Amino acid sequence: MQSTKELIIRKYKAKKFIAYFQNYTNTFMPLLQFKNYLLEAAKVEDIVEISISTRPDCIRDDYLEVLYDIQTKYQININIELGLQTVNYHTLDSINRGHGLAEYLDACLRIKKYPFTVCTHIILNLPGDDIRDVIETAKILSALKIDIVKLHSLYIAKNTKFAEDYKSGRFEICTKEEYINRVATFIEYLSPDIVIERLFSRVPEEDSD
């Protein structure tokens with residue numbers, strides 16, 4: 001962690017930092033291990049926030065209590081990032097997310113009992129979704145008073161079932177123009193109080209053809 005911090009200082013001349021636990025489902029690891037990782041980050045000088053990426057169906061009260069204890073003791077912001085992707089539970093089933101909309105709603109209500117911020121990841125061009133789903137997603141996030149949204153444009157990684165289905169013509173991806181229209185519509189219906197941190201994403205080079 002210290003080496004990464006020094007790299008960021010050299011590159012961006014940063015003075016304050018966010019410890020970002022991004023990869024995998026962080027609240028699925030054993031509770032004690034989870035706590036030790038967070039304590040290690042919280043003790044690093046000039047880290048002002050810990051951001052935890054996880055799934056809606058892996059939010060538990062005992063993990064939230066650990067986060068709250070660390071926030072209180074070290075006076076550090078806690079941000080929880082949830083991968084929802086869409087509010088259309090039929091689409092969630094078709095892409096094998098393993099959870100539906102209800103789990104996301106439950107996770108948000110649990111998290112909102114604490115002074116944490118909530119970031120939600122959304123994909124606006126999933127196969128099966130249309131402009132109505134885009135609008136419904138924006139409305140639900142607004143009603144829940146989510147703090148931050150990160151938008152992803154769908155990419156298809158090589159050597160996956162998704163890639164096989166796409167190559168065989170089982171589904172199509174919307175055009176760039178349609179995606180731009182969906183983003184514009186999403187923003188139109190999203191509460192102005194919600195911060196948008198990202199509008200699209202790119203596939204890692206090692207996963208692209």
# chains A, B, ... in the order shown; residues from 1 in each chain; ligands from 1
call {"tool": "select_by_dssp", "arguments": {"residues": "segment 74-203 of chain A", "states": "strand (DSSP E)", "output": "list of chain:residue names"}}
result
A:Asn77, A:Ile78, A:Asn79, A:Ile80, A:Glu81, A:Leu82, A:Gly83, A:Leu84, A:Gln85, A:Thr117, A:Val118, A:Cys119, A:Thr120, A:His121, A:Ile122, A:Ile123, A:Ile148, A:Val149, A:Lys150, A:Leu151, A:His152, A:Val195, A:Ile196, A:Glu197, A:Arg198
call {"tool": "closest_atom_pairs", "arguments": {"of": "segment 90-150 of chain A", "to": "segment 191-195 of chain A", "cutoff": "10 Å", "atoms": "only C-alpha atoms", "output": "JSON lines"}}
result
{"residue": "A:Cys119", "atom": "CA", "partner": "A:Val195", "partner_atom": "CA", "distance": 8.9}
{"residue": "A:Ala138", "atom": "CA", "partner": "A:Ser191", "partner_atom": "CA", "distance": 7.8}
{"residue": "A:Lys139", "atom": "CA", "partner": "A:Ser191", "partner_atom": "CA", "distance": 7.9}
{"residue": "A:Ile140", "atom": "CA", "partner": "A:Ser191", "partner_atom": "CA", "distance": 9.9}
{"residue": "A:Leu141", "atom": "CA", "partner": "A:Ser191", "partner_atom": "CA", "distance": 8.2}
{"residue": "A:Ser142", "atom": "CA", "partner": "A:Ser191", "partner_atom": "CA", "distance": 5.2}
{"residue": "A:Ala143", "atom": "CA", "partner": "A:Ser191", "partner_atom": "CA", "distance": 8.4}
{"residue": "A:Lys145", "atom": "CA", "partner": "A:Ile194", "partner_atom": "CA", "distance": 7.5}
{"residue": "A:Ile146", "atom": "CA", "partner": "A:Ile194", "partner_atom": "CA", "distance": 6.5}
{"residue": "A:Asp147", "atom": "CA", "partner": "A:Ile194", "partner_atom": "CA", "distance": 5.0}
{"residue": "A:Ile148", "atom": "CA", "partner": "A:Val195", "partner_atom": "CA", "distance": 4.6}
{"residue": "A:Val149", "atom": "CA", "partner": "A:Val195", "partner_atom": "CA", "distance": 6.2}
{"residue": "A:Lys150", "atom": "CA", "partner": "A:Val195", "partner_atom": "CA", "distance": 8.7}
call {"tool": "select_by_dssp", "arguments": {"residues": "segment 2-196 of chain A", "states": "alpha helix (DSSP H)", "output": "PyMOL selection string"}}
result
chain A and resi 2-12+31-42+61-74+89-94+101-111+131-143+161-167+176-189
call {"tool": "residues_around", "arguments": {"residues": "Tyr89 of chain A", "least_positions_apart": "2", "cutoff": "12 Å", "atoms": "only C-alpha atoms", "output": "ChimeraX atom specification"}}
result
/A:84-87,91-104,126,128-129,133,136-137
call {"tool": "atom_distance", "arguments": {"atom1": "atom CA of Lys11 of chain A", "atom2": "atom CA of Glu49 of chain A"}}
result
19.8 Å
call {"tool": "atom_distance", "arguments": {"atom1": "atom CA of Ile131 of chain A", "atom2": "atom CA of Arg170 of chain A"}}
result
20.3 Å
call {"tool": "atom_distance", "arguments": {"atom1": "atom CA of Val66 of chain A", "atom2": "atom CA of Thr120 of chain A"}}
result
21.0 Å
call {"tool": "residues_around", "arguments": {"residues": "Tyr63 of chain A", "least_positions_apart": "2", "cutoff": "9 Å", "atoms": "only C-alpha atoms", "output": "mmCIF file with C-alpha atoms, in the first residue's frame"}}
result
data_model
loop_
_atom_site.group_PDB
_atom_site.id
_atom_site.type_symbol
_atom_site.label_atom_id
_atom_site.label_comp_id
_atom_site.auth_asym_id
_atom_site.auth_seq_id
_atom_site.Cartn_x
_atom_site.Cartn_y
_atom_site.Cartn_z
ATOM 1 C CA THR A 27 -17.531 -8.473 2.236
ATOM 2 C CA LEU A 31 -14.995 -11.131 9.000
ATOM 3 C CA PHE A 34 -11.914 -8.155 6.453
ATOM 4 C CA LYS A 35 -11.423 -6.160 9.650
ATOM 5 C CA ILE A 59 -24.065 -7.055 2.769
ATOM 6 C CA ARG A 60 -24.354 -8.137 6.405
ATOM 7 C CA ASP A 61 -24.902 -6.128 9.558
ATOM 8 C CA GLU A 65 -20.658 -2.662 12.286
ATOM 9 C CA VAL A 66 -16.932 -3.258 11.690
ATOM 10 C CA LEU A 67 -16.917 -0.453 9.138
ATOM 11 C CA TYR A 68 -18.728 1.867 11.520
#
call {"tool": "residues_around", "arguments": {"residues": "Phe116 of chain A", "least_positions_apart": "5", "cutoff": "7 Å", "atoms": "only C-alpha atoms", "output": "PyMOL selection string"}}
result
chain A and resi 78-79+111
call {"tool": "write_last_selection", "arguments": {"atoms": "N, CA and C atoms", "output": "short mmCIF file (atom, residue, chain, number, x, y, z; two decimals), in the first residue's frame"}}
result
data_model
loop_
_atom_site.label_atom_id
_atom_site.label_comp_id
_atom_site.auth_asym_id
_atom_site.auth_seq_id
_atom_site.Cartn_x
_atom_site.Cartn_y
_atom_site.Cartn_z
N ILE A 78 -16.32 6.27 4.88
CA ILE A 78 -16.53 4.91 4.36
C ILE A 78 -17.49 4.99 3.18
N ASN A 79 -17.07 4.44 2.06
CA ASN A 79 -17.90 4.37 0.86
C ASN A 79 -18.07 2.91 0.47
N ILE A 111 -27.34 -0.30 4.61
CA ILE A 111 -26.20 0.62 4.61
C ILE A 111 -26.62 2.02 5.06
#
call {"tool": "residues_around", "arguments": {"residues": "Phe200 of chain A", "least_positions_apart": "4", "cutoff": "6 Å", "atoms": "only C-alpha atoms", "output": "ChimeraX atom specification"}}
result
/A:151-153
call {"tool": "write_last_selection", "arguments": {"atoms": "all heavy atoms", "output": "mmCIF file, in the first residue's frame"}}
result
data_model
loop_
_atom_site.group_PDB
_atom_site.id
_atom_site.type_symbol
_atom_site.label_atom_id
_atom_site.label_comp_id
_atom_site.auth_asym_id
_atom_site.auth_seq_id
_atom_site.Cartn_x
_atom_site.Cartn_y
_atom_site.Cartn_z
ATOM 1 N N LEU A 151 -21.295 4.618 -14.250
ATOM 2 C CA LEU A 151 -21.863 3.968 -15.426
ATOM 3 C C LEU A 151 -20.786 3.177 -16.153
ATOM 4 O O LEU A 151 -19.639 3.614 -16.267
ATOM 5 C CB LEU A 151 -22.459 5.003 -16.377
ATOM 6 C CG LEU A 151 -23.613 5.851 -15.829
ATOM 7 C CD1 LEU A 151 -24.123 6.781 -16.919
ATOM 8 C CD2 LEU A 151 -24.739 4.971 -15.304
ATOM 9 N N HIS A 152 -21.170 2.014 -16.634
ATOM 10 C CA HIS A 152 -20.291 1.174 -17.444
ATOM 11 C C HIS A 152 -20.969 0.950 -18.787
ATOM 12 O O HIS A 152 -22.153 0.637 -18.839
ATOM 13 C CB HIS A 152 -20.066 -0.201 -16.800
ATOM 14 C CG HIS A 152 -19.437 -0.150 -15.447
ATOM 15 N ND1 HIS A 152 -18.131 -0.483 -15.237
ATOM 16 C CD2 HIS A 152 -19.941 0.193 -14.241
ATOM 17 C CE1 HIS A 152 -17.849 -0.349 -13.947
ATOM 18 N NE2 HIS A 152 -18.942 0.067 -13.325
ATOM 19 N N SER A 153 -20.234 1.096 -19.861
ATOM 20 C CA SER A 153 -20.733 0.609 -21.142
ATOM 21 C C SER A 153 -20.365 -0.869 -21.227
ATOM 22 O O SER A 153 -19.264 -1.268 -20.845
ATOM 23 C CB SER A 153 -20.097 1.384 -22.298
ATOM 24 O OG SER A 153 -18.689 1.462 -22.130
#
call {"tool": "closest_residue", "arguments": {"among": "A:His121, A:Lys73, A:Arg182, A:Lys16", "to": "Ser53 of chain A", "atoms": "only C-alpha atoms"}}
result
A:His121
call {"tool": "closest_residue", "arguments": {"among": "A:Ala19, A:Leu64, A:Cys58, A:Ile196", "to": "Ala42 of chain A", "atoms": "only C-alpha atoms"}}
result
A:Ala19
call {"tool": "residues_around", "arguments": {"residues": "Tyr74 of chain A", "least_positions_apart": "3", "cutoff": "12 Å", "atoms": "only C-alpha atoms", "output": "mmCIF file with N, CA and C atoms, in the first residue's frame"}}
result
data_model
loop_
_atom_site.group_PDB
_atom_site.id
_atom_site.type_symbol
_atom_site.label_atom_id
_atom_site.label_comp_id
_atom_site.auth_asym_id
_atom_site.auth_seq_id
_atom_site.Cartn_x
_atom_site.Cartn_y
_atom_site.Cartn_z
ATOM 1 N N LEU A 38 -8.923 -3.650 6.667
ATOM 2 C CA LEU A 38 -9.393 -2.271 6.801
ATOM 3 C C LEU A 38 -8.591 -1.499 7.841
ATOM 4 N N LEU A 39 -8.254 -2.163 8.938
ATOM 5 C CA LEU A 39 -7.446 -1.505 9.974
ATOM 6 C C LEU A 39 -6.074 -1.122 9.434
ATOM 7 N N GLU A 40 -5.508 -2.002 8.627
ATOM 8 C CA GLU A 40 -4.207 -1.704 8.021
ATOM 9 C C GLU A 40 -4.288 -0.451 7.160
ATOM 10 N N ALA A 41 -5.372 -0.321 6.408
ATOM 11 C CA ALA A 41 -5.542 0.855 5.552
ATOM 12 C C ALA A 41 -5.825 2.107 6.376
ATOM 13 N N ALA A 42 -6.663 1.977 7.384
ATOM 14 C CA ALA A 42 -7.073 3.135 8.176
ATOM 15 C C ALA A 42 -5.902 3.769 8.922
ATOM 16 N N LYS A 43 -4.888 2.988 9.214
ATOM 17 C CA LYS A 43 -3.742 3.485 9.973
ATOM 18 C C LYS A 43 -2.715 4.200 9.106
ATOM 19 N N VAL A 44 -2.869 4.124 7.793
ATOM 20 C CA VAL A 44 -1.907 4.769 6.896
ATOM 21 C C VAL A 44 -2.159 6.272 6.880
ATOM 22 N N GLU A 45 -1.105 7.029 7.031
ATOM 23 C CA GLU A 45 -1.219 8.486 7.081
ATOM 24 C C GLU A 45 -1.798 9.052 5.779
ATOM 25 N N ASP A 46 -2.680 10.023 5.913
ATOM 26 C CA ASP A 46 -3.279 10.771 4.801
ATOM 27 C C ASP A 46 -4.331 9.984 4.012
ATOM 28 N N ILE A 47 -4.707 8.799 4.465
ATOM 29 C CA ILE A 47 -5.860 8.125 3.872
ATOM 30 C C ILE A 47 -7.119 8.669 4.543
ATOM 31 N N VAL A 48 -7.994 9.258 3.733
ATOM 32 C CA VAL A 48 -9.173 9.932 4.280
ATOM 33 C C VAL A 48 -10.461 9.157 4.023
ATOM 34 N N GLU A 49 -10.372 8.108 3.188
ATOM 35 C CA GLU A 49 -11.566 7.319 2.892
ATOM 36 C C GLU A 49 -11.177 5.885 2.569
ATOM 37 N N ILE A 50 -12.053 4.976 2.959
ATOM 38 C CA ILE A 50 -11.946 3.578 2.547
ATOM 39 C C ILE A 50 -13.163 3.267 1.691
ATOM 40 N N LEU A 67 -17.195 -1.690 9.871
ATOM 41 C CA LEU A 67 -16.917 -0.453 9.138
ATOM 42 C C LEU A 67 -17.235 0.782 9.979
ATOM 43 N N TYR A 68 -18.344 0.725 10.691
ATOM 44 C CA TYR A 68 -18.728 1.867 11.520
ATOM 45 C C TYR A 68 -17.738 2.088 12.659
ATOM 46 N N ASP A 69 -17.264 1.008 13.268
ATOM 47 C CA ASP A 69 -16.284 1.120 14.356
ATOM 48 C C ASP A 69 -14.997 1.770 13.840
ATOM 49 N N ILE A 70 -14.564 1.364 12.659
ATOM 50 C CA ILE A 70 -13.340 1.926 12.081
ATOM 51 C C ILE A 70 -13.551 3.392 11.715
ATOM 52 N N GLN A 71 -14.706 3.699 11.144
ATOM 53 C CA GLN A 71 -15.005 5.088 10.799
ATOM 54 C C GLN A 71 -14.982 5.977 12.045
ATOM 55 N N ASN A 77 -13.825 8.494 6.161
ATOM 56 C CA ASN A 77 -15.055 8.254 5.406
ATOM 57 C C ASN A 77 -15.117 6.808 4.917
ATOM 58 N N ILE A 78 -16.317 6.267 4.881
ATOM 59 C CA ILE A 78 -16.531 4.911 4.364
ATOM 60 C C ILE A 78 -17.492 4.993 3.177
#
call {"tool": "closest_residue", "arguments": {"among": "A:Ile9, A:Leu144, A:Cys174, A:Ile80", "to": "Leu190 of chain A", "atoms": "only C-alpha atoms"}}
result
A:Leu144
call {"tool": "decode", "arguments": {"residues": "segment 48-80 of chain A", "atoms": "N, CA and C atoms", "output": "PDB file, in the first residue's frame"}}
result
ATOM      1  N   VAL A  48      -7.994   9.258   3.733  1.00  0.00           N
ATOM      2  CA  VAL A  48      -9.173   9.932   4.280  1.00  0.00           C
ATOM      3  C   VAL A  48     -10.461   9.157   4.023  1.00  0.00           C
ATOM      4  N   GLU A  49     -10.372   8.108   3.188  1.00  0.00           N
ATOM      5  CA  GLU A  49     -11.566   7.319   2.892  1.00  0.00           C
ATOM      6  C   GLU A  49     -11.177   5.885   2.569  1.00  0.00           C
ATOM      7  N   ILE A  50     -12.053   4.976   2.959  1.00  0.00           N
ATOM      8  CA  ILE A  50     -11.946   3.578   2.547  1.00  0.00           C
ATOM      9  C   ILE A  50     -13.163   3.267   1.691  1.00  0.00           C
ATOM     10  N   SER A  51     -12.927   2.763   0.478  1.00  0.00           N
ATOM     11  CA  SER A  51     -14.006   2.411  -0.429  1.00  0.00           C
ATOM     12  C   SER A  51     -14.031   0.901  -0.616  1.00  0.00           C
ATOM     13  N   ILE A  52     -15.188   0.302  -0.362  1.00  0.00           N
ATOM     14  CA  ILE A  52     -15.344  -1.143  -0.388  1.00  0.00           C
ATOM     15  C   ILE A  52     -16.260  -1.527  -1.543  1.00  0.00           C
ATOM     16  N   SER A  53     -15.758  -2.338  -2.463  1.00  0.00           N
ATOM     17  CA  SER A  53     -16.577  -2.831  -3.572  1.00  0.00           C
ATOM     18  C   SER A  53     -17.111  -4.221  -3.231  1.00  0.00           C
ATOM     19  N   THR A  54     -18.412  -4.429  -3.444  1.00  0.00           N
ATOM     20  CA  THR A  54     -19.000  -5.716  -3.095  1.00  0.00           C
ATOM     21  C   THR A  54     -20.312  -5.924  -3.853  1.00  0.00           C
ATOM     22  N   ARG A  55     -20.987  -7.023  -3.563  1.00  0.00           N
ATOM     23  CA  ARG A  55     -22.260  -7.367  -4.200  1.00  0.00           C
ATOM     24  C   ARG A  55     -23.412  -7.036  -3.251  1.00  0.00           C
ATOM     25  N   PRO A  56     -24.578  -6.728  -3.789  1.00  0.00           N
ATOM     26  CA  PRO A  56     -25.736  -6.448  -2.926  1.00  0.00           C
ATOM     27  C   PRO A  56     -26.130  -7.615  -2.029  1.00  0.00           C
ATOM     28  N   ASP A  57     -25.916  -8.843  -2.497  1.00  0.00           N
ATOM     29  CA  ASP A  57     -26.309 -10.002  -1.696  1.00  0.00           C
ATOM     30  C   ASP A  57     -25.229 -10.428  -0.708  1.00  0.00           C
ATOM     31  N   CYS A  58     -24.204  -9.605  -0.546  1.00  0.00           N
ATOM     32  CA  CYS A  58     -23.146  -9.912   0.421  1.00  0.00           C
ATOM     33  C   CYS A  58     -22.976  -8.785   1.440  1.00  0.00           C
ATOM     34  N   ILE A  59     -24.062  -8.090   1.735  1.00  0.00           N
ATOM     35  CA  ILE A  59     -24.065  -7.055   2.769  1.00  0.00           C
ATOM     36  C   ILE A  59     -24.680  -7.634   4.042  1.00  0.00           C
ATOM     37  N   ARG A  60     -23.886  -7.615   5.120  1.00  0.00           N
ATOM     38  CA  ARG A  60     -24.354  -8.137   6.405  1.00  0.00           C
ATOM     39  C   ARG A  60     -24.133  -7.096   7.490  1.00  0.00           C
ATOM     40  N   ASP A  61     -24.978  -7.127   8.501  1.00  0.00           N
ATOM     41  CA  ASP A  61     -24.902  -6.128   9.558  1.00  0.00           C
ATOM     42  C   ASP A  61     -23.587  -6.194  10.336  1.00  0.00           C
ATOM     43  N   ASP A  62     -23.035  -7.398  10.543  1.00  0.00           N
ATOM     44  CA  ASP A  62     -21.796  -7.477  11.322  1.00  0.00           C
ATOM     45  C   ASP A  62     -20.628  -6.835  10.566  1.00  0.00           C
ATOM     46  N   TYR A  63     -20.615  -6.920   9.250  1.00  0.00           N
ATOM     47  CA  TYR A  63     -19.575  -6.261   8.467  1.00  0.00           C
ATOM     48  C   TYR A  63     -19.767  -4.743   8.500  1.00  0.00           C
ATOM     49  N   LEU A  64     -21.013  -4.310   8.455  1.00  0.00           N
ATOM     50  CA  LEU A  64     -21.286  -2.879   8.535  1.00  0.00           C
ATOM     51  C   LEU A  64     -20.890  -2.317   9.897  1.00  0.00           C
ATOM     52  N   GLU A  65     -21.062  -3.095  10.950  1.00  0.00           N
ATOM     53  CA  GLU A  65     -20.658  -2.662  12.286  1.00  0.00           C
ATOM     54  C   GLU A  65     -19.142  -2.488  12.368  1.00  0.00           C
ATOM     55  N   VAL A  66     -18.394  -3.387  11.736  1.00  0.00           N
ATOM     56  CA  VAL A  66     -16.932  -3.258  11.690  1.00  0.00           C
ATOM     57  C   VAL A  66     -16.551  -1.960  10.988  1.00  0.00           C
ATOM     58  N   LEU A  67     -17.195  -1.690   9.871  1.00  0.00           N
ATOM     59  CA  LEU A  67     -16.917  -0.453   9.138  1.00  0.00           C
ATOM     60  C   LEU A  67     -17.235   0.782   9.979  1.00  0.00           C
ATOM     61  N   TYR A  68     -18.344   0.725  10.691  1.00  0.00           N
ATOM     62  CA  TYR A  68     -18.728   1.867  11.520  1.00  0.00           C
ATOM     63  C   TYR A  68     -17.738   2.088  12.659  1.00  0.00           C
ATOM     64  N   ASP A  69     -17.264   1.008  13.268  1.00  0.00           N
ATOM     65  CA  ASP A  69     -16.284   1.120  14.356  1.00  0.00           C
ATOM     66  C   ASP A  69     -14.997   1.770  13.840  1.00  0.00           C
ATOM     67  N   ILE A  70     -14.564   1.364  12.659  1.00  0.00           N
ATOM     68  CA  ILE A  70     -13.340   1.926  12.081  1.00  0.00           C
ATOM     69  C   ILE A  70     -13.551   3.392  11.715  1.00  0.00           C
ATOM     70  N   GLN A  71     -14.706   3.699  11.144  1.00  0.00           N
ATOM     71  CA  GLN A  71     -15.005   5.088  10.799  1.00  0.00           C
ATOM     72  C   GLN A  71     -14.982   5.977  12.045  1.00  0.00           C
ATOM     73  N   THR A  72     -15.584   5.480  13.108  1.00  0.00           N
ATOM     74  CA  THR A  72     -15.666   6.259  14.348  1.00  0.00           C
ATOM     75  C   THR A  72     -14.297   6.445  14.990  1.00  0.00           C
ATOM     76  N   LYS A  73     -13.518   5.383  15.039  1.00  0.00           N
ATOM     77  CA  LYS A  73     -12.221   5.439  15.719  1.00  0.00           C
ATOM     78  C   LYS A  73     -11.209   6.279  14.951  1.00  0.00           C
ATOM     79  N   TYR A  74     -11.191   6.153  13.619  1.00  0.00           N
ATOM     80  CA  TYR A  74     -10.153   6.810  12.826  1.00  0.00           C
ATOM     81  C   TYR A  74     -10.659   8.050  12.085  1.00  0.00           C
ATOM     82  N   GLN A  75     -11.938   8.392  12.283  1.00  0.00           N
ATOM     83  CA  GLN A  75     -12.505   9.584  11.626  1.00  0.00           C
ATOM     84  C   GLN A  75     -12.240   9.570  10.122  1.00  0.00           C
ATOM     85  N   ILE A  76     -12.611   8.462   9.505  1.00  0.00           N
ATOM     86  CA  ILE A  76     -12.346   8.242   8.090  1.00  0.00           C
ATOM     87  C   ILE A  76     -13.666   7.975   7.373  1.00  0.00           C
ATOM     88  N   ASN A  77     -13.825   8.494   6.161  1.00  0.00           N
ATOM     89  CA  ASN A  77     -15.055   8.254   5.406  1.00  0.00           C
ATOM     90  C   ASN A  77     -15.117   6.808   4.917  1.00  0.00           C
ATOM     91  N   ILE A  78     -16.317   6.267   4.881  1.00  0.00           N
ATOM     92  CA  ILE A  78     -16.531   4.911   4.364  1.00  0.00           C
ATOM     93  C   ILE A  78     -17.492   4.993   3.177  1.00  0.00           C
ATOM     94  N   ASN A  79     -17.066   4.436   2.056  1.00  0.00           N
ATOM     95  CA  ASN A  79     -17.897   4.373   0.856  1.00  0.00           C
ATOM     96  C   ASN A  79     -18.075   2.909   0.466  1.00  0.00           C
ATOM     97  N   ILE A  80     -19.314   2.509   0.182  1.00  0.00           N
ATOM     98  CA  ILE A  80     -19.594   1.132  -0.222  1.00  0.00           C
ATOM     99  C   ILE A  80     -20.106   1.138  -1.652  1.00  0.00           C
TER     100      ILE A  80
END
